[in-house]
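Visitor: Before I ask anything, let me first share the structure, which is written out below as structure tokens.
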Protein chains: 2
Amino acid sequence: MRQKKFILPESEIPTQWFNIQAIMPNKPLPILNPATREPLKAEDLYPIFCEECANQELDQTHEWIDIPEPVREQYTYYRSTPLVRAYELEAALGTPAHIYFKNESVSPAGSHKLNSALAQAYYAKKQGITNITTETGAGQWGGALSYAAKKFGLECAVYMVKISYQQKPYRRSIMQTFGAAITPSPSMSTRAGKDIITKNPNDNGSLGCAISEAIELAVTTPNCKYTLGSVLNHVCLHQTVIGLEAEKQMAMAGEYPDIVIGCFGGGSNFCGISFPFMRHNIQDGKKTRFIAAEPAACPKLTKGKFEYDFGDEAGLTPLLPMYTLGHGFKPANIHAGGLRYHGAGVILSQLMKDGFMEAVDIKQTESFKAGVLFARTEGIIPAPESCHAIAATVREALKCKETGEAKTILFNLSGHGFVDMSAYDQYFEGNLQDFEISDEEIARFIKDADDLNK
Amino acid sequence: MRQKKFILPESEIPTQWFNIQAIMPNKPLPILNPATREPLKAEDLYPIFCEECANQELDQTHEWIDIPEPVREQYTYYRSTPLVRAYELEAALGTPAHIYFKNESVSPAGSHKLNSALAQAYYAKKQGITNITTETGAGQWGGALSYAAKKFGLECAVYMVKISYQQKPYRRSIMQTFGAAITPSPSMSTRAGKDIITKNPNDNGSLGCAISEAIELAVTTPNCKYTLGSVLNHVCLHQTVIGLEAEKQMAMAGEYPDIVIGCFGGGSNFCGISFPFMRHNIQDGKKTRFIAAEPAACPKLTKGKFEYDFGDEAGLTPLLPMYTLGHGFKPANIHAGGLRYHGAGVILSQLMKDGFMEAVDIKQTESFKAGVLFARTEGIIPAPESCHAIAATVREALKCKETGEAKTILFNLSGHGFVDMSAYDQYFEGNLQDFEISDEEIARFIKDADDLNK
């Protein structure tokens with residue numbers, strides 16, 4: 001009988017993360033202090049982040065970084081995640097392509113986010129921190145951090161983007177079940193939130209705003225640090241456990257990917273699956289293609305601009321050199337809440353600029369169509385975010401059908417959609433809106449970032 | 001590093017199910033035709049069930065039955081399910097007990113139900129059937145059958161207990177995503193449903209009523225068969241894949257269970273985890289205890305009566321010799337919809353009567369308290385049904401704490417609770433009701449069954 005799943009024994013779960021910064025031909029541009037325009041040092045980040053995370057953020061020298069033993073032990077609760085050959089999806093598409101997916105949906109919080117949440121919570125605990133805070137969009141990251149905080153005995157406060165707070169009540173309940181305190185954002189509990197509500201009482205919230213609120217809470221609360229679920233270098237670092245496992249598992253299957261695909265919000269799951277394979281493009285002359293699948297409603301890679309911008313709406317973060325739509329960008333209320341972010345991670349942006357990867361944008365109807373096909377063939381109902389990666393995979397698989405090429409495609413199934421079923425209802429009812437953003441609108445939002453780069 | 005999970009390679013997934021009927025010291029009493037009181041033959045069941053299932057239902061001779069290859073291939077999509085050592089639950093309880101659980105929540109439909117759904121759908125397809133129908137309570141079985149039907153190219157119609165249809169909209173969406181047609185029960189689409197609605201327009205429905213509707217649809221629709229997710233012998237047979245895997249996995253962990261626990265509705269997950277171990281009690285002198293955890297609101301094993309009764313509310317099924325609360329029993333609207341059934345499986349009832357197992361009843365507040373503890377320690381949010389098994393496990397583990405005995409406890413985590421989060425909300429809000437049923441009420445319902453046994 002053909003083998004369906006490839007699973008590593010716990011002893012084979014990676015012991016180190018891979019730091020792509022160390023081998024990049026062009027290092028990322030420095031992160032800047034917005035007041036002085038001086039490059040930031042790790043110490044400058046200590047008021048906001050744990051020291052270990054701040055150090056990792058700027059580490060351009062160590063290619064491999066040890067995974068602390070307590071984090072690795074927690075990884076054994078759900079890792080290795082299965083690498084799965086999507087035989088029935090292939091058959092349904094009639095493609096000669098070999099399609100594999102890495103199933104990160106099996107984690108306690110239902111997505112890849114836990115890979116970094118555990119690391120960040122552990123480093124906080126180790127430093128003697130008692131409280132951590134963060135923002136969450138769709139709730140995947142918030143759920144992961146809530147669980148990780150509980151595991152390491154920390155209090156956890158989550159600012160949840162208001163539209164998601166309303167659309168995804170089950171996500172709230174999950175965070176509550178794991179013991180966290182949840183506040184819809186914008187809220188009246190912070191200066192940043194108050195300012196936004198004052199300007200627009202009906203503001204639906206955004207990741208940019210929720211980040212502002214969480215950072216404000218962290219810097220005004222004793223013994224509290226901020227954590228982030230994507231974008232930043234140390235988050236992408238922690239996520240490389242995905243690709244490192246996948247590399248071993250693909251070898252078990254006797255294959256190596258021609259194409260690697262991930263959905264794209266700030267970059268965490270995409271970087272996680274991609275970077276370990278990309279190192280062989282950089283170091284060993286491999287020619288794998290890497291495709292980021294972003295929503296047409298928030299197309300930072302396909303239609304944004306590479307320049308310095310804030311990571312949050314209120315301008316509390318350092319200036320990051322990245323592809324951005326402008327920090328004031330208001331993405332439409334697509335169901336893939338985790339992809340509603342205006343910028344792309346710093347490392348990723350540099351790699352994109354240097355031609356190591358590509359991006360495609362996908363409308364939500366196409367994404368759900370692909371998601372339903374995947375559910376009916378492979379038996380996993382994907383998160384709306386992950387549906388974007390599946391849609392990009394379907395596109396590539398159908399190209400193979402045309403050309404007759406049996407390419408090997410690997411995509412990251414970042415999470416399951418069990419708590420996003422109302423989005424599927426809308427899809428079946430024909431009530432899903434497809435959002436696109438005009439070049440004029442984009443230009444208007446990017447202007448804010450342009451002004452910062454003068 | 002201590003090993004957390006025990007997973008079998010796909011080649012080790014069992015190739016046969018275990019049929020406990022073949023080795024029972026006292027065989028189950030015959031199933032009777034309600035009109036003639038004659039024992040039924042397999043052929044008598046053919047109008048309702050696939051022939052293969054009907055034959056398995058009455059098979060008291062073959063101890064091992066081959067799992068068809070196409071079913072086994074579908075099993076590779078999610079099996080083996082992990083056997084997990086619950087180290088952190090043990091630590092939180094301060095118990096010397098070794099607690100293991102079999103994680104059936106990883107299946108496409110989120111519960112053990114798929115083990116039999118795939119078998120029943122396959123046998124239907126093989127027989128040339130085009131349509132299958134069933135009832136579902138919480139929606140676990142309906143979701144599983146919807147998926148299995150899609151996999152084998154069958155149309156699927158599900159009658160969903162009305163209270164669950166309303167309380168669990170995400171379950172409906174899951175079935176829809178897998179391509180099934182869902183009707184809330186009681187409905188006006190059948191004679192049985194009409195009769196119940198006429199008597200009580202606000203009837204919340206019950207499994208007994210939904211079964212009546214599905215059977216009526218099956219017998220009045222060409223090329224359509226009925227399927228059931230629990231209670232029946234062939235369903236319990238298919239579920240033994242759980243315990244057979246667990247037996248191998250416990251051996252990998254170097255242990256053998258002193259106690260095996262499962263929640264109990266009609267018996268499918270309990271039988272699945274128990275029977276393969278129980279055979280060693282029967283054949284090899286092992287002394288494992290088997291504990292069924294049923295809801296206090298529907299205590300058929302602890303407070304019901306062993307006698308002949310109908311399997312459904314309208315009296316369309318054969319007469320089954322079983323522990324029952326009476327086929328007209330109306331269980332309270334607990335969140336564990338899958339446990340709201342008036343009777344226990346025939347095999348199981350005989351084994352209970354003969355002292356091979358025990359039962360405990362658990363109120364829903366205790367069940368959710370245990371479920372939350374489990375979520376926070378082991379990282380899986382359990383289905384309300386599974387919370388009952390966890391609560392019974394906690395009771396036994398705390399007894400070990402008192403006595404200092406390091407017993408080995410194995411329980412079946414029948415499903416996850418991602419689509420039951422509103423129940424957790426109610427628990428946290430302190431709004432969960434605890435239902436108990438008085439002896440007088442029970443006596444009143446059982447009288448219906450008593451009348452059948454005169």
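Every chain in the structure tokens takes a letter, A first, then B, and so on in the order presented; its residues are numbered from 1, and the ligands are numbered from 1 following the presented order.
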Give me the residues near range 26-33 of chain B as a PyMOL selection string, where near means some atom within 6 Å (using only C-alpha atoms) and where sequence neighbours in that chain fewer than 4 positions away do not count.

Guide: chain B and resi 37-40+318-320+347+350

Visitor: Near chain A, meaning an atom within 6 Å, which residues of chain B appear when counting only C-alpha atoms? Write them as a short mmCIF file (atom, residue, chain, number, x, y, z; two decimals) with C-alpha atoms, in the first residue's frame.

Guide:
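Output contents, as saved in result14.cif:
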```cif
data_model
loop_
_atom_site.label_atom_id
_atom_site.label_comp_id
_atom_site.auth_asym_id
_atom_site.auth_seq_id
_atom_site.Cartn_x
_atom_site.Cartn_y
_atom_site.Cartn_z
CA PRO B 108 -10.98 14.34 9.28
CA TYR B 170 -20.52 24.62 12.77
CA SER B 173 -21.30 23.53 8.09
CA PHE B 178 -18.13 17.48 2.93
CA ARG B 376 -4.58 23.40 29.69
CA GLY B 379 -3.25 20.97 24.73
CA ILE B 380 -6.34 19.39 23.20
CA MET B 421 -16.76 26.17 22.15
#
```

Visitor: So that I can see what lies close to Pro184 in chain B, please list as an MDAnalysis selection string the residues with an atom at most 8 Å from it, counting only C-alpha atoms and leaving out residues fewer than 6 positions away in the same chain.

Guide: chainID B and resid 159:162 165

Visitor: Excluding same-chain residues fewer than 3 positions from Glu51 in chain B, what lies within 12 Å of it counting only C-alpha atoms, as a ChimeraX atom specification?

Guide: /B:41-48,54-58,120,122-129,225-227,234

Visitor: Selection from above, C-alpha atoms, as a short mmCIF file (atom, residue, chain, number, x, y, z; two decimals), in the first residue's frame, can you write it?

Guide:
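Final output, selection_3.cif:
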```cif
data_model
loop_
_atom_site.label_atom_id
_atom_site.label_comp_id
_atom_site.auth_asym_id
_atom_site.auth_seq_id
_atom_site.Cartn_x
_atom_site.Cartn_y
_atom_site.Cartn_z
CA LYS B 41 -31.85 -13.45 10.53
CA ALA B 42 -29.34 -11.31 8.62
CA GLU B 43 -31.64 -11.34 5.57
CA ASP B 44 -34.35 -9.68 7.64
CA LEU B 45 -32.03 -6.68 8.02
CA TYR B 46 -31.19 -6.36 4.32
CA PRO B 47 -34.02 -3.92 3.55
CA ILE B 48 -32.44 -1.44 5.97
CA ALA B 54 -26.20 -7.09 8.40
CA ASN B 55 -24.08 -10.22 8.23
CA GLN B 56 -21.49 -8.77 10.58
CA GLU B 57 -24.26 -7.74 12.96
CA LEU B 58 -25.19 -11.35 13.66
CA GLN B 120 -20.25 1.33 6.04
CA TYR B 122 -17.47 1.22 1.40
CA TYR B 123 -19.82 -1.75 1.84
CA ALA B 124 -22.69 0.31 0.45
CA LYS B 125 -20.68 1.29 -2.60
CA LYS B 126 -19.55 -2.29 -3.13
CA GLN B 127 -23.18 -3.44 -3.09
CA GLY B 128 -24.13 -0.88 -5.75
CA ILE B 129 -26.00 1.42 -3.39
CA LYS B 225 -29.52 2.24 2.87
CA TYR B 226 -29.51 3.31 6.45
CA THR B 227 -26.32 3.56 8.51
CA HIS B 234 -21.07 -4.11 13.35
#
```

Visitor: Please compute the CA of Ala406 in chain A-CA of Gly254 in chain A distance, one decimal, in Å.

Guide: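 The value is 14.2 Å.
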